[in-house]
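What follows is a short report on a single structure.
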Amino acid sequence: MNSIRSRSDSVRDFVTGRAQFIDDIPLPAGAFHVALGLSEWAHATITSMDLSPVRQAPGVVCVLTAEDVPGNNRCSQLGDDPIFAEQIVEYNGQCLFAVIARSHAAAEHAAQLAVITATPLLSAISIDEATLQQNRLVDPLTVQRGDMSVHTKHQVQGSIHLGGQEHFYMEGQIAAALPEANGEMRIVASTQHPAEVQLLVAAMLGCDATDVIVQCPRLGGGFGGKETQATQIACIAGLAASITGNACKLRLSRHDDMVLTGKRHDMRAHYVVGFDRDGLVSTLRVDLHVRCGFSADLSVAVCTRALLHLDNAYYLPNISFTAHLWRTNTSSATAFRGFGAPQALLVVESALLHVARELQIDSVELRARNFYRSAPADQTPYGMTVTDNILQRITTELLHSSAYTERRRAIALMNAAQPAIKRGIAFCPVKFGISFTQTHLNQAGALVNIYTDGSIQVAHGGTEMGQGLNEKIAAIAARAFGVSSQRFRVAAADTSRVPNASPTAASVSSDLIGRAVENAIVKLRERLIRVAALHHEMPEELCTIEDDCLVAGNLHVPFDQLVRRAYEARVSLSATGYYTTPEIHFDNKAMQGQPFYYFVYGAAVSEVAVDVLTGESRVLRVDILQDVGHSLVPDIDRGQIEGGFMQGLGWLTTESVVWSETGRLLTDGPDTYKIPTSSDMPPTFNVQLAGWSTNKRDTVFLSKGIGEPPLLLAVSVHLAIREAIAAVNPAGALSLSAPASPEAVLHALSP
Ligand code: MTE
Ligand code: LUZ
Ligand code: MOS
């Protein structure tokens with residue numbers, strides 16, 4: 001069979017440049033293009049908006065503002081994200097109006113011609129300003145356990161600043177809207193959450209969800225940046241199409257994408273850690289001060305996941321973790337791979353580094369002493385028992401395969417002899433919780449259709465963004481059915497095929513969707529076997545499907561024939577599947593429960609060289625040992641580990657998000673914002689899957705989610721840079737901020 005498969009075909013298409021993204025899809029002749037007019041004030045009352053120069057510009061069809069929205073002028077379920085700002089603008093870059101024109105260039109040109117006046121209001125750009133103004137988004141979130149007043153022999157404290165991160169997906173935010181002859185509005189969008197786009201486009205148009213169909217063929221990367229914030233783009237394209245009755249496309253320029261949409265949450269963190277002579281941590285207090293931007297978006301969920309990862313791999317008997325969510329006049333910080341957990345990890349690992357330095361204990365030894373162990377040292381601060389910890393074995397194997405101890409010794413000698421270039425080596429373990437912490441999101445549906453030629457279509461509500469979901473789903477479907485993966489075509493996400501899907505996020509998609517697809521396939525398999533058993537007068541227990549055949553005793557019937565027989569016997573060849581994660585529950589107020597179905601574990605050892613004269617650093621070697629349970633598709637998992645690590649490396653070394661004091665984003669293009677390139681890959685990069693690992697939970701073929709956890713491994717690089725700095729200035733190394741830019745490194749080096 002020669003059907004198109006998901007990844008095998010995508011890979012070829014990516015490499016040859018033939019893969020179609022939304023901007024490549026031909027639109028009906030005469031389609032219009034949309035561009036946005038953005039605020040230049042961080043916080044202001046708009047006093048006048050003269051759009052006549054925009055309307056009169058060549059090629060312009062019309063201009064849209066809040067007044068043109070027939071329904072709800074909101075693009076978030078919480079309701080605090082206007083599609084178009086009304087009287088007040090809340091950040092520099094916020095959308096004020098949209099221009100519809102006959103060409104993309106005409107729309108972009110006209111969008112610059114508005115004459116707007118405004119009266120500035122008091123603004124809070126930085127976390128410090130928001131703190132001074134007590135500009136809280138919500139009350140602080142806290143997780144607490146034990147007694148923080150217990151006496152500890154030693155105590156140290158410190159502060160660290162962690163920067164944000166721009167998603168820099170290759171395909172920027174884009175949506176096309178096509179009014180259908182029957183009155184439906186079809187939206188083709190680069191979104192991780194088609195179902196939410198459907199709901200909010202319908203609310204915006206003042207129609208029902210059944211009147212809107214959202215499709216997502218693929219994304220050229222999402223990384224969390226299209227979990228909620230693709231919705232505004234789709235709403236504006238939908239409004240333009242509804243008002244003009246014509247197909248309309250909105251593709252943001254990279255500049256507009258960067259200033260309009262939110263990024264990873266940056267934070268200022270403070271820790272106080274109490275410990276005994278052996279380095280066993282007894283108390284840990286952490287305060288996270290978080291820049292959330294102008295609206296709530298996913299900030300509460302992000303901060304919740306941050307608090308639930310401040311323990312990382314360690315049993316910390318007495319803790320008090322607080323997140324302060326500050327509202328600022330900047331774009332609304334949003335989901336980004338790891339969802340608060342990477343920030344939390346850097347904070348707790350900084351605290352442990354501090355303890356190791358204070359006691360002069362090797363930091364690997366110190367970490368291992370504090371690992372989760374057997375009861376009662378298997379209790380997380382949020383009341384969940386860690387039952388699947390494999391970090392001891394991962395640590396032992398990785399230290400051995402990376403020759404950590406020998407290299408550490410050699411580096412100490414090298415540093416003593418070398419004044420200008422200092423090396424550092426560091427180990428970092430990662431434990432990452434899998435499941436949405438909003439328990440209700442842990443559900444998925446699927447639709448499996450067998451056609452009478454024996455080919456099979458699998459539809460699900462997830463989106464393919466390069467993480468290889470569709471290839472994994474095809475592999476799961478083939479295994480569950482007992483037929484070859486060549487038979488399957490995994491359909492593009494479409495809200496009219498599988499409704500009410502959760503966002504493709506939290507690394508759970510292969511778990512949830514895989515099980516939903518399996519559930520549908522079990523039904524179809526049973527039906528086919530019943531048909532065969534009746535036909536061949538065999539007991540059902542003796543019939544099975546394997547290797548593309550029905551097998552019953554000595555009988556082998558090709559799958560196509562079996563399907564044909566079932567069709568003639570008038571048996572349905574279509575089934576839906578559904579899955580919800582069992583056992584999990586979480587009380588978001590008390591911050592207690594079992595929010596995660598299981599944990600994914602991994603560890604990295606990274607070695608860096610730091611030029612103490614320029615502050616530049618370079619990663620020389622990285623060794624990773626990563627748990628993926630039973631890998632569904634090892635090549636994909638390896639790609640996720642390498643890619644996730646590199647994305648984390650960028651966050652912690654070269655990527656700086658900088659706003660001016662007046663709230664203008666200064667890093668608004670690739671010239672000022674530096675993501676890693678292929679030349680930043682560590683020259684030695686050893687990635688091993690822990691092939692012996694399994695999943696103690698009943699996940700699909702005992703696999704584990706892998707999309708986000710490897711990003712956290714890059715914390716080892718930040719720790720290694722601090723080890724190198726410590727060879728010059730031990731105290732400065734502790735407070736190195738992230739990213740470890742040359743400026744930050746020089747600052748940490750200076751006494
Ligand atoms: N990999 C690629 N190539 N592109 C992406 O956009 N997103 C990441 C991760 N890996 C992403 C990626 C994020 S943020 C998540 S949550 C997961 O993929 C989502 O997909 P999954 O649930 O199938 O793992
Ligand atoms: N999105 C979300 C996420 O809504 N809830 C989560 O818990 C989550 N975790 C990771 C990434 N995205
Ligand atoms: Mo990923 S941050 O859950 O989209």
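Quick note on naming: the chains in the structure tokens go A, B, ... in the order shown, residues restart at 1 in each chain, and ligands are numbered from 1 in order of appearance.
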
Which neighbours of A:Ile473 fall inside 8 Å, counting only C-alpha atoms, when residues of the same chain fewer than 2 positions from it are skipped, and could you give them as a PyMOL selection string?
chain A and resi 469-471+475-477+490+510+513-514+517

Taking C-alpha atoms for each residue, export the selection above as a compact mmCIF listing (two decimals), in the first residue's frame.
```txt
# COMPACT_ATOMS: atom_id res chain seq x y z
CA LEU A 469 2.90 12.90 17.40
CA ASN A 470 1.37 11.54 14.20
CA GLU A 471 4.17 9.10 13.64
CA ALA A 475 2.94 3.27 15.39
CA ILE A 476 0.51 2.78 18.27
CA ALA A 477 -2.41 2.15 15.92
CA VAL A 490 -3.33 10.20 10.37
CA SER A 510 0.91 10.46 22.87
CA ILE A 513 -4.42 10.29 22.23
CA GLY A 514 -2.53 7.01 21.92
CA VAL A 517 -6.93 5.59 19.42
```

Selection near A:Ala19, 10 Å with only C-alpha atoms, sequence-local residues under 3 positions removed, as a list of chain:residue names:
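Skipping anything fewer than 3 positions along the chain leaves A:Asp9, A:Ser10, A:Val11, A:Arg12, A:Asp13, A:Phe14, A:Val15, A:Thr16, A:Asp24, A:Arg218, A:Gly220.
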
Stretch 681-688 of chain A surroundings by only C-alpha atoms, 7 Å radius, close-in-sequence under 3 positions cut, as a PyMOL selection string:
chain A and resi 619-626+678

At a cut-off of 9 Å, using only C-alpha atoms, what residues contact A:Thr495? Leave out same-chain residues fewer than 6 positions from it and give the result as an mmCIF file with all heavy atoms, in the first residue's frame.
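Saved the output as around11.cif:
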```cif
data_model
loop_
_atom_site.group_PDB
_atom_site.id
_atom_site.type_symbol
_atom_site.label_atom_id
_atom_site.label_comp_id
_atom_site.auth_asym_id
_atom_site.auth_seq_id
_atom_site.Cartn_x
_atom_site.Cartn_y
_atom_site.Cartn_z
ATOM 1 N N PRO A 194 -7.058 23.847 18.590
ATOM 2 C CA PRO A 194 -8.138 24.158 17.659
ATOM 3 C C PRO A 194 -9.513 24.296 18.331
ATOM 4 O O PRO A 194 -10.310 25.156 17.935
ATOM 5 C CB PRO A 194 -8.124 22.958 16.695
ATOM 6 C CG PRO A 194 -6.716 22.459 16.737
ATOM 7 C CD PRO A 194 -6.261 22.686 18.155
ATOM 8 N N ALA A 195 -9.789 23.505 19.354
ATOM 9 C CA ALA A 195 -11.120 23.559 19.979
ATOM 10 C C ALA A 195 -11.364 24.900 20.658
ATOM 11 O O ALA A 195 -12.481 25.428 20.649
ATOM 12 C CB ALA A 195 -11.278 22.418 20.986
ATOM 13 N N GLN A 198 -12.028 27.463 17.986
ATOM 14 C CA GLN A 198 -13.408 27.311 17.517
ATOM 15 C C GLN A 198 -14.376 28.044 18.449
ATOM 16 O O GLN A 198 -15.217 28.835 18.002
ATOM 17 C CB GLN A 198 -13.755 25.821 17.457
ATOM 18 C CG GLN A 198 -15.179 25.531 17.015
ATOM 19 C CD GLN A 198 -15.597 24.093 17.337
ATOM 20 O OE1 GLN A 198 -14.997 23.429 18.173
ATOM 21 N NE2 GLN A 198 -16.641 23.621 16.660
ATOM 22 N N VAL A 212 -18.546 27.003 13.194
ATOM 23 C CA VAL A 212 -17.122 27.257 12.964
ATOM 24 C C VAL A 212 -16.363 25.928 12.927
ATOM 25 O O VAL A 212 -16.558 25.072 13.798
ATOM 26 C CB VAL A 212 -16.526 28.149 14.094
ATOM 27 C CG1 VAL A 212 -15.038 28.371 13.885
ATOM 28 C CG2 VAL A 212 -17.274 29.478 14.170
ATOM 29 N N ILE A 213 -15.557 25.750 11.897
ATOM 30 C CA ILE A 213 -14.707 24.563 11.806
ATOM 31 C C ILE A 213 -13.262 25.031 11.836
ATOM 32 O O ILE A 213 -12.886 25.936 11.079
ATOM 33 C CB ILE A 213 -14.975 23.805 10.490
ATOM 34 C CG1 ILE A 213 -16.397 23.230 10.512
ATOM 35 C CG2 ILE A 213 -13.946 22.699 10.269
ATOM 36 C CD1 ILE A 213 -16.772 22.492 9.255
ATOM 37 N N VAL A 214 -12.470 24.448 12.721
ATOM 38 C CA VAL A 214 -11.063 24.829 12.782
ATOM 39 C C VAL A 214 -10.205 23.638 12.395
ATOM 40 O O VAL A 214 -10.392 22.525 12.904
ATOM 41 C CB VAL A 214 -10.671 25.349 14.184
ATOM 42 C CG1 VAL A 214 -9.201 25.735 14.226
ATOM 43 C CG2 VAL A 214 -11.551 26.530 14.571
ATOM 44 N N GLN A 215 -9.299 23.885 11.482
ATOM 45 C CA GLN A 215 -8.389 22.838 11.012
ATOM 46 C C GLN A 215 -6.956 23.287 11.237
ATOM 47 O O GLN A 215 -6.643 24.473 11.141
ATOM 48 C CB GLN A 215 -8.597 22.588 9.517
ATOM 49 C CG GLN A 215 -10.021 22.153 9.204
ATOM 50 C CD GLN A 215 -10.318 22.139 7.719
ATOM 51 O OE1 GLN A 215 -9.796 22.959 6.970
ATOM 52 N NE2 GLN A 215 -11.169 21.218 7.296
ATOM 53 N N GLY A 461 -7.689 14.798 18.095
ATOM 54 C CA GLY A 461 -7.770 16.244 18.299
ATOM 55 C C GLY A 461 -6.426 16.904 18.510
ATOM 56 O O GLY A 461 -6.353 18.109 18.737
ATOM 57 N N ALA A 501 -11.264 18.895 21.957
ATOM 58 C CA ALA A 501 -9.943 18.381 22.340
ATOM 59 C C ALA A 501 -9.218 19.372 23.242
ATOM 60 O O ALA A 501 -9.352 20.586 23.095
ATOM 61 C CB ALA A 501 -9.109 18.104 21.088
#
```

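Those residues that approach A:Val272 to within 10 Å, counting only C-alpha atoms, are Gln155, Val156, Gln157, Gly158, Ser159, His270, Gly274, Thr283, Leu284, Arg285, Val286, Asp287, Ile319, Ser320 and Ala351 of chain A; same-chain residues fewer than 2 positions away are not listed.
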
Test item: residues no farther than 10 Å from ligand 2, counting only C-alpha atoms and all ligand atoms, as a tab-separated table (two decimals) with C-alpha atoms, in the first residue's frame:
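Output contents, as saved in part-v8.tsv:
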```tsv
chain	number	residue	atom	x	y	z
A	223	PHE	CA	6.55	25.28	21.91
A	224	GLY	CA	3.64	26.56	24.01
A	227	GLU	CA	-1.40	27.04	23.21
A	228	THR	CA	-3.59	30.12	23.87
A	297	ASP	CA	-3.52	33.85	30.32
A	298	LEU	CA	-1.97	30.61	31.69
A	299	SER	CA	0.05	32.32	34.45
A	300	VAL	CA	-1.73	30.59	37.35
A	301	ALA	CA	-1.19	27.17	35.76
A	302	VAL	CA	2.44	28.00	34.92
A	303	CYS	CA	3.15	29.16	38.47
A	304	THR	CA	1.40	26.08	39.84
A	305	ARG	CA	3.65	23.80	37.80
A	306	ALA	CA	6.64	25.87	38.93
A	334	THR	CA	2.39	32.29	28.39
A	335	ALA	CA	3.14	28.58	28.06
A	336	PHE	CA	6.66	27.69	27.00
A	337	ARG	CA	8.07	24.16	26.92
A	338	GLY	CA	8.42	23.13	30.55
A	339	PHE	CA	5.69	25.50	31.73
A	340	GLY	CA	7.38	27.02	34.81
A	341	ALA	CA	9.25	23.85	35.73
A	432	PHE	CA	9.17	16.05	35.53
A	433	GLY	CA	5.51	15.41	36.33
A	434	ILE	CA	3.29	14.23	33.49
A	435	SER	CA	-0.37	15.34	33.28
A	436	PHE	CA	-2.11	18.69	33.02
A	437	THR	CA	-2.40	20.05	36.54
A	438	GLN	CA	-5.91	21.17	35.54
A	439	THR	CA	-7.19	17.60	35.90
A	441	LEU	CA	-7.84	18.59	30.56
A	442	ASN	CA	-6.51	15.04	30.81
A	502	SER	CA	-7.54	19.67	24.98
A	503	PRO	CA	-4.53	21.65	23.78
A	504	THR	CA	-1.63	19.61	22.46
A	505	ALA	CA	0.53	20.40	25.44
A	506	ALA	CA	2.03	19.20	28.70
A	507	SER	CA	3.84	16.37	26.85
A	508	VAL	CA	0.79	14.15	27.31
A	595	PRO	CA	-1.61	15.98	40.02
A	596	PHE	CA	0.64	13.71	37.94
A	707	GLY	CA	8.18	16.64	24.74
A	708	GLU	CA	9.21	18.97	27.55
A	709	PRO	CA	11.42	17.24	30.17
```

Going by DSSP on the backbone, which bits of stretch 129-260 of chain A are strand (DSSP E)? Write them as a PyMOL selection string, please.
chain A and resi 141-145+154-162+174-179+185-189+212-216+248-251

Would you please work out which residue, of A:Arg564, A:His193, A:Arg291, A:Lys523, is nearest to ligand 3 when using only C-alpha atoms and all ligand atoms?
A:His193
